[in-house]
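*Asks:* Input file: coords_19.pdb. Contents: PDB, C-alpha atoms and all ligand atoms.
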```pdb
ATOM      1  CA  MET W  17      30.438 187.080 -66.438  1.00  0.00           C
ATOM      2  CA  PRO W  18      28.217 187.453 -69.535  1.00  0.00           C
ATOM      3  CA  ALA W  19      25.939 190.495 -69.527  1.00  0.00           C
ATOM      4  CA  TYR W  20      22.702 188.466 -69.541  1.00  0.00           C
ATOM      5  CA  ASP W  21      23.779 186.606 -66.383  1.00  0.00           C
ATOM      6  CA  LYS W  22      24.619 189.828 -64.627  1.00  0.00           C
ATOM      7  CA  GLU W  23      21.250 191.366 -65.434  1.00  0.00           C
ATOM      8  CA  ARG W  24      19.326 188.268 -64.452  1.00  0.00           C
ATOM      9  CA  LEU W  25      21.150 187.576 -61.201  1.00  0.00           C
ATOM     10  CA  PHE W  26      21.918 190.976 -59.769  1.00  0.00           C
ATOM     11  CA  PRO W  27      19.629 193.913 -59.043  1.00  0.00           C
ATOM     12  CA  PRO W  28      21.273 197.007 -60.604  1.00  0.00           C
ATOM     13  CA  ARG W  29      22.466 198.520 -57.319  1.00  0.00           C
ATOM     14  CA  VAL W  30      23.965 195.217 -56.228  1.00  0.00           C
ATOM     15  CA  TRP W  31      25.976 195.097 -59.411  1.00  0.00           C
ATOM     16  CA  ARG W  32      27.184 198.679 -58.913  1.00  0.00           C
ATOM     17  CA  ALA W  33      28.258 197.752 -55.376  1.00  0.00           C
ATOM     18  CA  VAL W  34      30.096 194.689 -56.711  1.00  0.00           C
ATOM     19  CA  GLU W  35      31.935 196.890 -59.204  1.00  0.00           C
ATOM     20  CA  LEU W  36      32.825 199.362 -56.444  1.00  0.00           C
ATOM     21  CA  THR W  37      34.078 196.504 -54.294  1.00  0.00           C
ATOM     22  CA  ARG W  38      36.241 195.178 -57.115  1.00  0.00           C
ATOM     23  CA  LYS W  39      37.591 198.642 -57.919  1.00  0.00           C
ATOM     24  CA  HIS W  40      38.867 198.894 -54.350  1.00  0.00           C
ATOM     25  CA  GLY W  41      40.211 195.353 -54.319  1.00  0.00           C
ATOM     26  CA  PHE W  42      38.069 194.516 -51.301  1.00  0.00           C
ATOM     27  CA  PRO W  43      37.760 190.718 -50.904  1.00  0.00           C
ATOM     28  CA  LEU W  44      35.114 190.378 -48.204  1.00  0.00           C
ATOM     29  CA  ALA W  45      31.805 191.385 -49.811  1.00  0.00           C
ATOM     30  CA  CYS W  46      28.994 188.916 -49.228  1.00  0.00           C
ATOM     31  CA  ILE W  47      28.525 186.246 -51.887  1.00  0.00           C
ATOM     32  CA  PRO W  48      25.392 186.228 -54.097  1.00  0.00           C
ATOM     33  CA  GLU W  49      23.885 183.307 -52.155  1.00  0.00           C
ATOM     34  CA  VAL W  50      24.036 185.350 -48.959  1.00  0.00           C
ATOM     35  CA  GLY W  51      22.633 188.296 -50.876  1.00  0.00           C
ATOM     36  CA  ARG W  52      19.656 186.241 -51.999  1.00  0.00           C
ATOM     37  CA  LEU W  53      19.036 185.169 -48.408  1.00  0.00           C
ATOM     38  CA  LEU W  54      19.180 188.788 -47.241  1.00  0.00           C
ATOM     39  CA  GLU W  55      16.859 189.880 -50.043  1.00  0.00           C
ATOM     40  CA  LEU W  56      14.360 187.171 -49.107  1.00  0.00           C
ATOM     41  CA  CYS W  57      14.474 188.006 -45.393  1.00  0.00           C
ATOM     42  CA  SER W  58      14.154 191.750 -45.930  1.00  0.00           C
ATOM     43  CA  GLY W  59      10.924 191.249 -47.873  1.00  0.00           C
ATOM     44  CA  LEU W  60       9.197 189.129 -45.230  1.00  0.00           C
ATOM     45  CA  ARG W  61       5.954 190.495 -43.873  1.00  0.00           C
ATOM     46  CA  GLY W  62       6.554 192.883 -40.995  1.00  0.00           C
ATOM     47  CA  MET W  63      10.137 193.774 -41.928  1.00  0.00           C
ATOM     48  CA  GLU W  64      10.165 197.511 -41.313  1.00  0.00           C
ATOM     49  CA  ARG W  65      13.445 198.406 -39.617  1.00  0.00           C
ATOM     50  CA  LEU W  66      16.515 196.710 -40.999  1.00  0.00           C
ATOM     51  CA  CYS W  67      20.156 196.939 -39.965  1.00  0.00           C
ATOM     52  CA  GLU W  68      23.576 195.865 -41.193  1.00  0.00           C
ATOM     53  CA  LEU W  69      26.787 196.016 -39.153  1.00  0.00           C
ATOM     54  CA  GLY W  70      29.781 196.372 -41.497  1.00  0.00           C
ATOM     55  CA  THR W  71      28.688 198.005 -44.766  1.00  0.00           C
ATOM     56  CA  ALA W  72      31.994 197.829 -46.653  1.00  0.00           C
ATOM     57  CA  TYR W  73      31.123 198.982 -50.214  1.00  0.00           C
ATOM     58  CA  GLY W  74      27.433 198.202 -49.955  1.00  0.00           C
ATOM     59  CA  VAL W  75      26.936 194.769 -51.527  1.00  0.00           C
ATOM     60  CA  GLY W  76      24.932 193.310 -48.635  1.00  0.00           C
ATOM     61  CA  ALA W  77      23.082 196.595 -48.157  1.00  0.00           C
ATOM     62  CA  ALA W  78      22.092 196.633 -51.833  1.00  0.00           C
ATOM     63  CA  TRP W  79      20.707 193.085 -51.573  1.00  0.00           C
ATOM     64  CA  ILE W  80      18.719 194.095 -48.494  1.00  0.00           C
ATOM     65  CA  GLU W  81      17.471 197.215 -50.266  1.00  0.00           C
ATOM     66  CA  SER W  82      16.321 195.182 -53.255  1.00  0.00           C
ATOM     67  CA  GLY W  83      13.995 193.128 -51.053  1.00  0.00           C
ATOM     68  CA  MET W  84      12.755 195.887 -48.758  1.00  0.00           C
ATOM     69  CA  ASN W  85       9.034 196.436 -48.239  1.00  0.00           C
ATOM     70  CA  ARG W  86       7.519 199.822 -49.067  1.00  0.00           C
ATOM     71  CA  GLY W  87       8.141 202.175 -46.132  1.00  0.00           C
ATOM     72  CA  ALA W  88      10.936 200.059 -44.641  1.00  0.00           C
ATOM     73  CA  THR W  89      14.278 201.594 -43.708  1.00  0.00           C
ATOM     74  CA  LEU W  90      17.836 200.278 -43.576  1.00  0.00           C
ATOM     75  CA  PHE W  91      20.485 201.557 -41.168  1.00  0.00           C
ATOM     76  CA  THR W  92      23.967 200.309 -42.032  1.00  0.00           C
ATOM     77  CA  VAL W  93      27.174 201.231 -40.211  1.00  0.00           C
ATOM     78  CA  GLU W  94      30.820 200.954 -41.288  1.00  0.00           C
ATOM     79  CA  LEU W  95      33.957 201.674 -39.258  1.00  0.00           C
ATOM     80  CA  ASP W  96      36.176 202.565 -42.212  1.00  0.00           C
ATOM     81  CA  ALA W  97      35.409 206.145 -43.279  1.00  0.00           C
ATOM     82  CA  GLY W  98      36.466 205.627 -46.906  1.00  0.00           C
ATOM     83  CA  ARG W  99      34.205 202.611 -47.346  1.00  0.00           C
ATOM     84  CA  ALA W 100      31.325 204.302 -45.559  1.00  0.00           C
ATOM     85  CA  GLY W 101      31.671 207.375 -47.791  1.00  0.00           C
ATOM     86  CA  ALA W 102      31.680 205.275 -50.950  1.00  0.00           C
ATOM     87  CA  ALA W 103      28.609 203.354 -49.807  1.00  0.00           C
ATOM     88  CA  ARG W 104      26.834 206.589 -48.856  1.00  0.00           C
ATOM     89  CA  ASN W 105      27.359 207.852 -52.412  1.00  0.00           C
ATOM     90  CA  LEU W 106      26.044 204.577 -53.776  1.00  0.00           C
ATOM     91  CA  PHE W 107      22.728 204.966 -51.914  1.00  0.00           C
ATOM     92  CA  ALA W 108      22.513 208.755 -52.241  1.00  0.00           C
ATOM     93  CA  ASP W 109      19.213 208.616 -54.148  1.00  0.00           C
ATOM     94  CA  ASN W 110      17.390 206.444 -51.590  1.00  0.00           C
ATOM     95  CA  ILE W 111      16.443 208.175 -48.346  1.00  0.00           C
ATOM     96  CA  ALA W 112      15.318 204.832 -46.919  1.00  0.00           C
ATOM     97  CA  VAL W 113      18.964 203.728 -46.678  1.00  0.00           C
ATOM     98  CA  GLU W 114      21.220 205.454 -44.137  1.00  0.00           C
ATOM     99  CA  VAL W 115      24.955 204.723 -44.147  1.00  0.00           C
ATOM    100  CA  ALA W 116      26.658 205.755 -40.899  1.00  0.00           C
ATOM    101  CA  THR W 117      30.390 205.975 -40.223  1.00  0.00           C
ATOM    102  CA  GLY W 118      31.540 204.484 -36.942  1.00  0.00           C
ATOM    103  CA  ASP W 119      31.525 201.484 -34.671  1.00  0.00           C
ATOM    104  CA  TRP W 120      28.682 198.940 -34.884  1.00  0.00           C
ATOM    105  CA  SER W 121      27.536 200.055 -31.424  1.00  0.00           C
ATOM    106  CA  LEU W 122      26.064 203.194 -33.027  1.00  0.00           C
ATOM    107  CA  ALA W 123      23.200 200.930 -34.023  1.00  0.00           C
ATOM    108  CA  LEU W 124      22.282 200.462 -30.353  1.00  0.00           C
ATOM    109  CA  GLN W 125      20.847 203.992 -30.395  1.00  0.00           C
ATOM    110  CA  ARG W 126      18.719 203.117 -33.450  1.00  0.00           C
ATOM    111  CA  GLY W 127      17.361 199.683 -32.663  1.00  0.00           C
ATOM    112  CA  PRO W 128      15.663 197.402 -32.112  1.00  0.00           C
ATOM    113  CA  PHE W 129      15.361 196.037 -35.638  1.00  0.00           C
ATOM    114  CA  ASP W 130      13.312 193.422 -37.479  1.00  0.00           C
ATOM    115  CA  LEU W 131      16.290 192.217 -39.525  1.00  0.00           C
ATOM    116  CA  LEU W 132      19.947 192.300 -38.507  1.00  0.00           C
ATOM    117  CA  PHE W 133      22.933 191.296 -40.657  1.00  0.00           C
ATOM    118  CA  SER W 134      26.020 191.339 -38.444  1.00  0.00           C
ATOM    119  CA  ASP W 135      28.930 191.259 -40.861  1.00  0.00           C
ATOM    120  CA  GLY W 136      31.364 193.557 -39.081  1.00  0.00           C
ATOM    121  CA  GLY W 137      29.943 193.515 -35.587  1.00  0.00           C
ATOM    122  CA  PRO W 138      29.682 190.867 -32.851  1.00  0.00           C
ATOM    123  CA  LYS W 139      29.443 187.418 -34.365  1.00  0.00           C
ATOM    124  CA  ARG W 140      31.951 184.732 -33.427  1.00  0.00           C
ATOM    125  CA  GLN W 141      32.961 185.141 -29.796  1.00  0.00           C
ATOM    126  CA  PRO W 142      31.276 183.989 -26.573  1.00  0.00           C
ATOM    127  CA  GLY W 143      29.224 186.934 -25.332  1.00  0.00           C
ATOM    128  CA  ASP W 144      28.485 188.201 -28.861  1.00  0.00           C
ATOM    129  CA  PRO W 145      24.901 186.880 -28.945  1.00  0.00           C
ATOM    130  CA  GLU W 146      24.149 188.861 -25.790  1.00  0.00           C
ATOM    131  CA  LYS W 147      25.645 192.019 -27.342  1.00  0.00           C
ATOM    132  CA  LEU W 148      23.259 191.751 -30.283  1.00  0.00           C
ATOM    133  CA  LEU W 149      20.106 191.035 -28.265  1.00  0.00           C
ATOM    134  CA  PRO W 150      19.201 194.734 -27.779  1.00  0.00           C
ATOM    135  CA  LEU W 151      19.386 195.209 -31.547  1.00  0.00           C
ATOM    136  CA  LEU W 152      16.683 192.636 -32.322  1.00  0.00           C
ATOM    137  CA  ARG W 153      12.974 192.769 -31.682  1.00  0.00           C
ATOM    138  CA  PRO W 154      11.436 189.533 -30.379  1.00  0.00           C
ATOM    139  CA  GLY W 155      10.767 187.536 -33.544  1.00  0.00           C
ATOM    140  CA  GLY W 156      13.336 189.585 -35.431  1.00  0.00           C
ATOM    141  CA  VAL W 157      15.656 187.753 -37.811  1.00  0.00           C
ATOM    142  CA  LEU W 158      19.438 187.660 -37.543  1.00  0.00           C
ATOM    143  CA  VAL W 159      21.686 186.585 -40.446  1.00  0.00           C
ATOM    144  CA  LEU W 160      25.354 185.644 -40.008  1.00  0.00           C
ATOM    145  CA  ASP W 161      27.389 184.454 -42.996  1.00  0.00           C
ATOM    146  CA  ASP W 162      30.811 182.952 -43.710  1.00  0.00           C
ATOM    147  CA  TYR W 163      30.522 179.686 -41.818  1.00  0.00           C
ATOM    148  CA  THR W 164      32.160 176.515 -43.101  1.00  0.00           C
ATOM    149  CA  PRO W 165      29.824 173.494 -43.274  1.00  0.00           C
ATOM    150  CA  GLY W 166      31.037 170.378 -41.545  1.00  0.00           C
ATOM    151  CA  TYR W 167      33.606 172.275 -39.572  1.00  0.00           C
ATOM    152  CA  GLY W 168      32.260 170.687 -36.438  1.00  0.00           C
ATOM    153  CA  GLU W 169      31.379 172.050 -33.084  1.00  0.00           C
ATOM    154  CA  ASP W 170      33.330 175.254 -33.244  1.00  0.00           C
ATOM    155  CA  VAL W 171      32.486 177.938 -30.728  1.00  0.00           C
ATOM    156  CA  SER W 172      31.515 180.489 -33.371  1.00  0.00           C
ATOM    157  CA  ARG W 173      28.392 178.542 -34.311  1.00  0.00           C
ATOM    158  CA  GLN W 174      27.656 176.814 -30.987  1.00  0.00           C
ATOM    159  CA  ILE W 175      27.236 180.207 -29.289  1.00  0.00           C
ATOM    160  CA  TRP W 176      24.209 180.710 -31.556  1.00  0.00           C
ATOM    161  CA  LEU W 177      22.849 177.190 -31.918  1.00  0.00           C
ATOM    162  CA  GLU W 178      22.829 176.579 -28.157  1.00  0.00           C
ATOM    163  CA  ASN W 179      21.802 180.018 -26.942  1.00  0.00           C
ATOM    164  CA  PRO W 180      18.423 179.995 -25.163  1.00  0.00           C
ATOM    165  CA  ALA W 181      17.701 183.580 -26.190  1.00  0.00           C
ATOM    166  CA  TYR W 182      17.590 182.614 -29.881  1.00  0.00           C
ATOM    167  CA  ARG W 183      16.157 179.973 -32.171  1.00  0.00           C
ATOM    168  CA  ALA W 184      18.979 179.353 -34.621  1.00  0.00           C
ATOM    169  CA  VAL W 185      19.702 177.072 -37.552  1.00  0.00           C
ATOM    170  CA  GLU W 186      22.682 176.636 -39.851  1.00  0.00           C
ATOM    171  CA  VAL W 187      21.686 176.692 -43.525  1.00  0.00           C
ATOM    172  CA  MET W 188      23.853 175.570 -46.425  1.00  0.00           C
ATOM    173  CA  LEU W 189      24.299 178.243 -49.068  1.00  0.00           C
ATOM    174  CA  THR W 190      26.954 176.593 -51.247  1.00  0.00           C
ATOM    175  CA  SER W 191      28.875 173.336 -50.874  1.00  0.00           C
ATOM    176  CA  SER W 192      31.530 175.207 -48.922  1.00  0.00           C
ATOM    177  CA  SER W 193      29.655 177.972 -47.181  1.00  0.00           C
ATOM    178  CA  SER W 194      26.808 178.197 -44.695  1.00  0.00           C
ATOM    179  CA  ALA W 195      24.999 180.830 -42.700  1.00  0.00           C
ATOM    180  CA  ILE W 196      23.375 181.001 -39.303  1.00  0.00           C
ATOM    181  CA  VAL W 197      19.811 182.280 -39.369  1.00  0.00           C
ATOM    182  CA  ALA W 198      18.340 183.043 -35.963  1.00  0.00           C
ATOM    183  CA  THR W 199      15.321 184.691 -34.446  1.00  0.00           C
ATOM    184  CA  ARG W 200      15.156 186.324 -31.058  1.00  0.00           C
ATOM    185  CA  ARG W 201      12.763 184.454 -28.778  1.00  0.00           C
TER     186      ARG W 201
HETATM  187  C1  LIG D   1      32.920 191.308 -44.190  1.00  0.00           C
HETATM  188  S1  LIG D   1      33.069 193.016 -44.437  1.00  0.00           S
HETATM  189  C2  LIG D   1      31.432 193.535 -44.745  1.00  0.00           C
HETATM  190  C3  LIG D   1      30.936 193.191 -46.125  1.00  0.00           C
HETATM  191  C4  LIG D   1      29.608 193.805 -46.457  1.00  0.00           C
HETATM  192  N1  LIG D   1      28.600 193.517 -45.460  1.00  0.00           N
HETATM  193  C5  LIG D   1      29.139 193.314 -47.815  1.00  0.00           C
HETATM  194  O1  LIG D   1      28.193 192.525 -47.874  1.00  0.00           O
HETATM  195  O2  LIG D   1      29.747 193.715 -48.800  1.00  0.00           O
HETATM  196  C6  LIG D   1      33.264 193.622 -42.789  1.00  0.00           C
HETATM  197  C7  LIG D   1      33.251 195.149 -42.684  1.00  0.00           C
HETATM  198  O3  LIG D   1      33.044 195.475 -41.299  1.00  0.00           O
HETATM  199  C8  LIG D   1      33.786 196.611 -41.006  1.00  0.00           C
HETATM  200  N2  LIG D   1      34.003 196.664 -39.560  1.00  0.00           N
HETATM  201  C9  LIG D   1      34.992 196.048 -38.830  1.00  0.00           C
HETATM  202  N3  LIG D   1      34.856 196.329 -37.519  1.00  0.00           N
HETATM  203  C10 LIG D   1      33.750 197.112 -37.416  1.00  0.00           C
HETATM  204  C11 LIG D   1      33.099 197.739 -36.317  1.00  0.00           C
HETATM  205  N4  LIG D   1      33.570 197.603 -35.067  1.00  0.00           N
HETATM  206  N5  LIG D   1      32.009 198.479 -36.552  1.00  0.00           N
HETATM  207  C12 LIG D   1      31.536 198.639 -37.824  1.00  0.00           C
HETATM  208  N6  LIG D   1      32.111 198.080 -38.905  1.00  0.00           N
HETATM  209  C13 LIG D   1      33.212 197.331 -38.711  1.00  0.00           C
HETATM  210  C14 LIG D   1      35.066 196.448 -41.812  1.00  0.00           C
HETATM  211  O4  LIG D   1      35.698 197.699 -42.010  1.00  0.00           O
HETATM  212  C15 LIG D   1      34.553 195.798 -43.108  1.00  0.00           C
HETATM  213  O5  LIG D   1      34.312 196.785 -44.089  1.00  0.00           O
END
```
So, in terms of structure tokens, how does the structure I just supplied come out?

*Replies:*
Amino acid sequence: MPAYDKERLFPPRVWRAVELTRKHGFPLACIPEVGRLLELCSGLRGMERLCELGTAYGVGAAWIESGMNRGATLFTVELDAGRAGAARNLFADNIAVEVATGDWSLALQRGPFDLLFSDGGPKRQPGDPEKLLPLLRPGGVLVLDDYTPGYGEDVSRQIWLENPAYRAVEVMLTSSSSAIVATRR
């Protein structure tokens, strides 16, 4: 990618996280369109306590950080100790971002949150929406990526779109990728 594109499209920390991700050959970092959505959501009025489940090398976290309001905090948790350590180094100069090592359920002790990005936690199985409820304040926003538009009535999206505890919508991000955005009622 030409340098001018990189500088225009990616906040500096996002680009450093992308480079870290590439260095480790990790294929599952969130795409820039998801990053933009996270950045937008994290800057909404009232977003104070933000959370990500599944940090990997920090791409999603860096997008969230780039949109965060003054005084807001991000708690992000990663099961893999190597990835968590690398991400912790990446955010070492920002005390508003805490990278924890462990299972997503660690976040239960820290919630509820105004924004939740579940990228390595409950997401696709029946019962997962209920597991995430304690992590979200009423009116809080949940982002779930990596859906395939037009895939039909698969369980992984119906559990959100038909759940009475949430208001949820599927939004197209690219021609081949969509996300679920939900709020807790
Ligand atoms: C899709 S990747 C996350 C990508 C990252 N959010 C980003 O934007 O670059 C999923 C991550 O979740 C982590 N993970 C898997 N199971 C987990 C669990 N039970 N608790 C916390 N993290 C988990 C994996 O190790 C992996 O790094």

*Asks:* Check the smallest atom-to-atom distance from each of W:Ile47, W:Leu151, W:Val159, W:Leu189 to Gln125 (chain W) using all atoms listed in the file, then report the winner.

*Replies:*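 Checking each of W:Ile47, W:Leu151, W:Val159, W:Leu189 against Gln125 (chain W), counting all atoms listed in the file, the winner is W:Leu151.
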
*Asks:* When you draw a straight line from CA of Leu132 (chain W) to CA of Ala116 (chain W), how long is it in Å?

*Replies:*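 So the two atoms, CA of Leu132 (chain W) and CA of Ala116 (chain W), lie 15.2 Å apart.
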
*Asks:* Let me know the residues the PyMOL selection byres (((chain W and resi 183) around 10) and not hetatm) catches in the file above, as a list in words.

*Replies:* Gly155, Val157, Leu158, Trp176, Leu177, Glu178, Asn179, Pro180, Ala181, Tyr182, Ala184, Val185, Val197, Ala198, Thr199, Arg200 and Arg201 of chain W

*Asks:* I would like the residues chosen by the PyMOL selection byres (((chain W and resi 30) around 12) and not hetatm) on the shown file; could you give them as an MDAnalysis selection string?

*Replies:* chainID W and resid 22:29 31:37 45:48 51:52 55 73:83 103 106:107

*Asks:* Would you save the residues from that selection as a short mmCIF file (atom, residue, chain, number, x, y, z; two decimals), in the frame of the given file, using C-alpha atoms?

*Replies:*
```
data_model
loop_
_atom_site.label_atom_id
_atom_site.label_comp_id
_atom_site.auth_asym_id
_atom_site.auth_seq_id
_atom_site.Cartn_x
_atom_site.Cartn_y
_atom_site.Cartn_z
CA LYS W 22 24.62 189.83 -64.63
CA GLU W 23 21.25 191.37 -65.43
CA ARG W 24 19.33 188.27 -64.45
CA LEU W 25 21.15 187.58 -61.20
CA PHE W 26 21.92 190.98 -59.77
CA PRO W 27 19.63 193.91 -59.04
CA PRO W 28 21.27 197.01 -60.60
CA ARG W 29 22.47 198.52 -57.32
CA TRP W 31 25.98 195.10 -59.41
CA ARG W 32 27.18 198.68 -58.91
CA ALA W 33 28.26 197.75 -55.38
CA VAL W 34 30.10 194.69 -56.71
CA GLU W 35 31.94 196.89 -59.20
CA LEU W 36 32.83 199.36 -56.44
CA THR W 37 34.08 196.50 -54.29
CA ALA W 45 31.80 191.38 -49.81
CA CYS W 46 28.99 188.92 -49.23
CA ILE W 47 28.52 186.25 -51.89
CA PRO W 48 25.39 186.23 -54.10
CA GLY W 51 22.63 188.30 -50.88
CA ARG W 52 19.66 186.24 -52.00
CA GLU W 55 16.86 189.88 -50.04
CA TYR W 73 31.12 198.98 -50.21
CA GLY W 74 27.43 198.20 -49.96
CA VAL W 75 26.94 194.77 -51.53
CA GLY W 76 24.93 193.31 -48.64
CA ALA W 77 23.08 196.60 -48.16
CA ALA W 78 22.09 196.63 -51.83
CA TRP W 79 20.71 193.08 -51.57
CA ILE W 80 18.72 194.10 -48.49
CA GLU W 81 17.47 197.22 -50.27
CA SER W 82 16.32 195.18 -53.26
CA GLY W 83 14.00 193.13 -51.05
CA ALA W 103 28.61 203.35 -49.81
CA LEU W 106 26.04 204.58 -53.78
CA PHE W 107 22.73 204.97 -51.91
#
```

*Asks:* Per residue of chain W within 6 Å of ligand LIG 1 (chain D), note the shortest atom pair and the distance in Å to one decimal, counting only C-alpha atoms and all ligand atoms, and order the rows by chain and increasing residue number, as JSON lines.

*Replies:*
```
{"residue": "W:Leu44", "atom": "CA", "partner": "D:LIG1", "partner_atom": "C1", "distance": 4.7}
{"residue": "W:Ala45", "atom": "CA", "partner": "D:LIG1", "partner_atom": "O2", "distance": 3.3}
{"residue": "W:Cys46", "atom": "CA", "partner": "D:LIG1", "partner_atom": "O1", "distance": 3.9}
{"residue": "W:Leu69", "atom": "CA", "partner": "D:LIG1", "partner_atom": "C12", "distance": 5.6}
{"residue": "W:Gly70", "atom": "CA", "partner": "D:LIG1", "partner_atom": "O3", "distance": 3.4}
{"residue": "W:Thr71", "atom": "CA", "partner": "D:LIG1", "partner_atom": "N1", "distance": 4.5}
{"residue": "W:Ala72", "atom": "CA", "partner": "D:LIG1", "partner_atom": "O5", "distance": 3.6}
{"residue": "W:Tyr73", "atom": "CA", "partner": "D:LIG1", "partner_atom": "O2", "distance": 5.6}
{"residue": "W:Gly74", "atom": "CA", "partner": "D:LIG1", "partner_atom": "O2", "distance": 5.2}
{"residue": "W:Val75", "atom": "CA", "partner": "D:LIG1", "partner_atom": "O2", "distance": 4.1}
{"residue": "W:Gly76", "atom": "CA", "partner": "D:LIG1", "partner_atom": "O1", "distance": 3.4}
{"residue": "W:Val93", "atom": "CA", "partner": "D:LIG1", "partner_atom": "C12", "distance": 5.6}
{"residue": "W:Glu94", "atom": "CA", "partner": "D:LIG1", "partner_atom": "N6", "distance": 4.0}
{"residue": "W:Leu95", "atom": "CA", "partner": "D:LIG1", "partner_atom": "N6", "distance": 4.1}
{"residue": "W:Asp96", "atom": "CA", "partner": "D:LIG1", "partner_atom": "O4", "distance": 4.9}
{"residue": "W:Gly118", "atom": "CA", "partner": "D:LIG1", "partner_atom": "C12", "distance": 5.9}
{"residue": "W:Asp119", "atom": "CA", "partner": "D:LIG1", "partner_atom": "N5", "distance": 3.6}
{"residue": "W:Trp120", "atom": "CA", "partner": "D:LIG1", "partner_atom": "N5", "distance": 3.8}
{"residue": "W:Asp135", "atom": "CA", "partner": "D:LIG1", "partner_atom": "N1", "distance": 5.1}
{"residue": "W:Gly136", "atom": "CA", "partner": "D:LIG1", "partner_atom": "O3", "distance": 3.4}
{"residue": "W:Gly137", "atom": "CA", "partner": "D:LIG1", "partner_atom": "C11", "distance": 5.3}
```

*Asks:* Could you save those same residues with C-alpha atoms as an mmCIF file, keeping the file's coordinate frame?

*Replies:*
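Output saved as selection.cif:
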```cif
data_model
loop_
_atom_site.group_PDB
_atom_site.id
_atom_site.type_symbol
_atom_site.label_atom_id
_atom_site.label_comp_id
_atom_site.auth_asym_id
_atom_site.auth_seq_id
_atom_site.Cartn_x
_atom_site.Cartn_y
_atom_site.Cartn_z
ATOM 1 C CA LEU W 44 35.114 190.378 -48.204
ATOM 2 C CA ALA W 45 31.805 191.385 -49.811
ATOM 3 C CA CYS W 46 28.994 188.916 -49.228
ATOM 4 C CA LEU W 69 26.787 196.016 -39.153
ATOM 5 C CA GLY W 70 29.781 196.372 -41.497
ATOM 6 C CA THR W 71 28.688 198.005 -44.766
ATOM 7 C CA ALA W 72 31.994 197.829 -46.653
ATOM 8 C CA TYR W 73 31.123 198.982 -50.214
ATOM 9 C CA GLY W 74 27.433 198.202 -49.955
ATOM 10 C CA VAL W 75 26.936 194.769 -51.527
ATOM 11 C CA GLY W 76 24.932 193.310 -48.635
ATOM 12 C CA VAL W 93 27.174 201.231 -40.211
ATOM 13 C CA GLU W 94 30.820 200.954 -41.288
ATOM 14 C CA LEU W 95 33.957 201.674 -39.258
ATOM 15 C CA ASP W 96 36.176 202.565 -42.212
ATOM 16 C CA GLY W 118 31.540 204.484 -36.942
ATOM 17 C CA ASP W 119 31.525 201.484 -34.671
ATOM 18 C CA TRP W 120 28.682 198.940 -34.884
ATOM 19 C CA ASP W 135 28.930 191.259 -40.861
ATOM 20 C CA GLY W 136 31.364 193.557 -39.081
ATOM 21 C CA GLY W 137 29.943 193.515 -35.587
#
```

*Asks:* Counting all atoms listed in the file, which residues sit no farther than 7 Å from the position (28.8, 180.8, -38.8) in the file's frame? I'd like them as a PDB file with C-alpha atoms, in the coordinates of the input.

*Replies:*
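For reference, part_0.pdb as written:
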```pdb
ATOM      1  CA  LEU W 160      25.354 185.644 -40.008  1.00  0.00           C
ATOM      2  CA  ASP W 161      27.389 184.454 -42.996  1.00  0.00           C
ATOM      3  CA  ASP W 162      30.811 182.952 -43.710  1.00  0.00           C
ATOM      4  CA  TYR W 163      30.522 179.686 -41.818  1.00  0.00           C
ATOM      5  CA  THR W 164      32.160 176.515 -43.101  1.00  0.00           C
ATOM      6  CA  SER W 172      31.515 180.489 -33.371  1.00  0.00           C
ATOM      7  CA  ARG W 173      28.392 178.542 -34.311  1.00  0.00           C
ATOM      8  CA  SER W 194      26.808 178.197 -44.695  1.00  0.00           C
ATOM      9  CA  ALA W 195      24.999 180.830 -42.700  1.00  0.00           C
ATOM     10  CA  ILE W 196      23.375 181.001 -39.303  1.00  0.00           C
TER      11      ILE W 196
END
```

*Asks:* Can you work out the spacing between CA of Leu66 (chain W) and CA of Asn105 (chain W) in Å, to one decimal?

*Replies:* 19.3 Å

*Asks:* Centre and edge lengths of an axis-aligned box around all listed atoms of region 60-64 of chain W, with 5 Å added on each side, are to be given in Å to one decimal, as lines of an AutoDock Vina configuration file.

*Replies:*
```
center_x = 8.1
center_y = 193.3
center_z = -43.1
size_x = 14.2
size_y = 18.4
size_z = 14.2
```
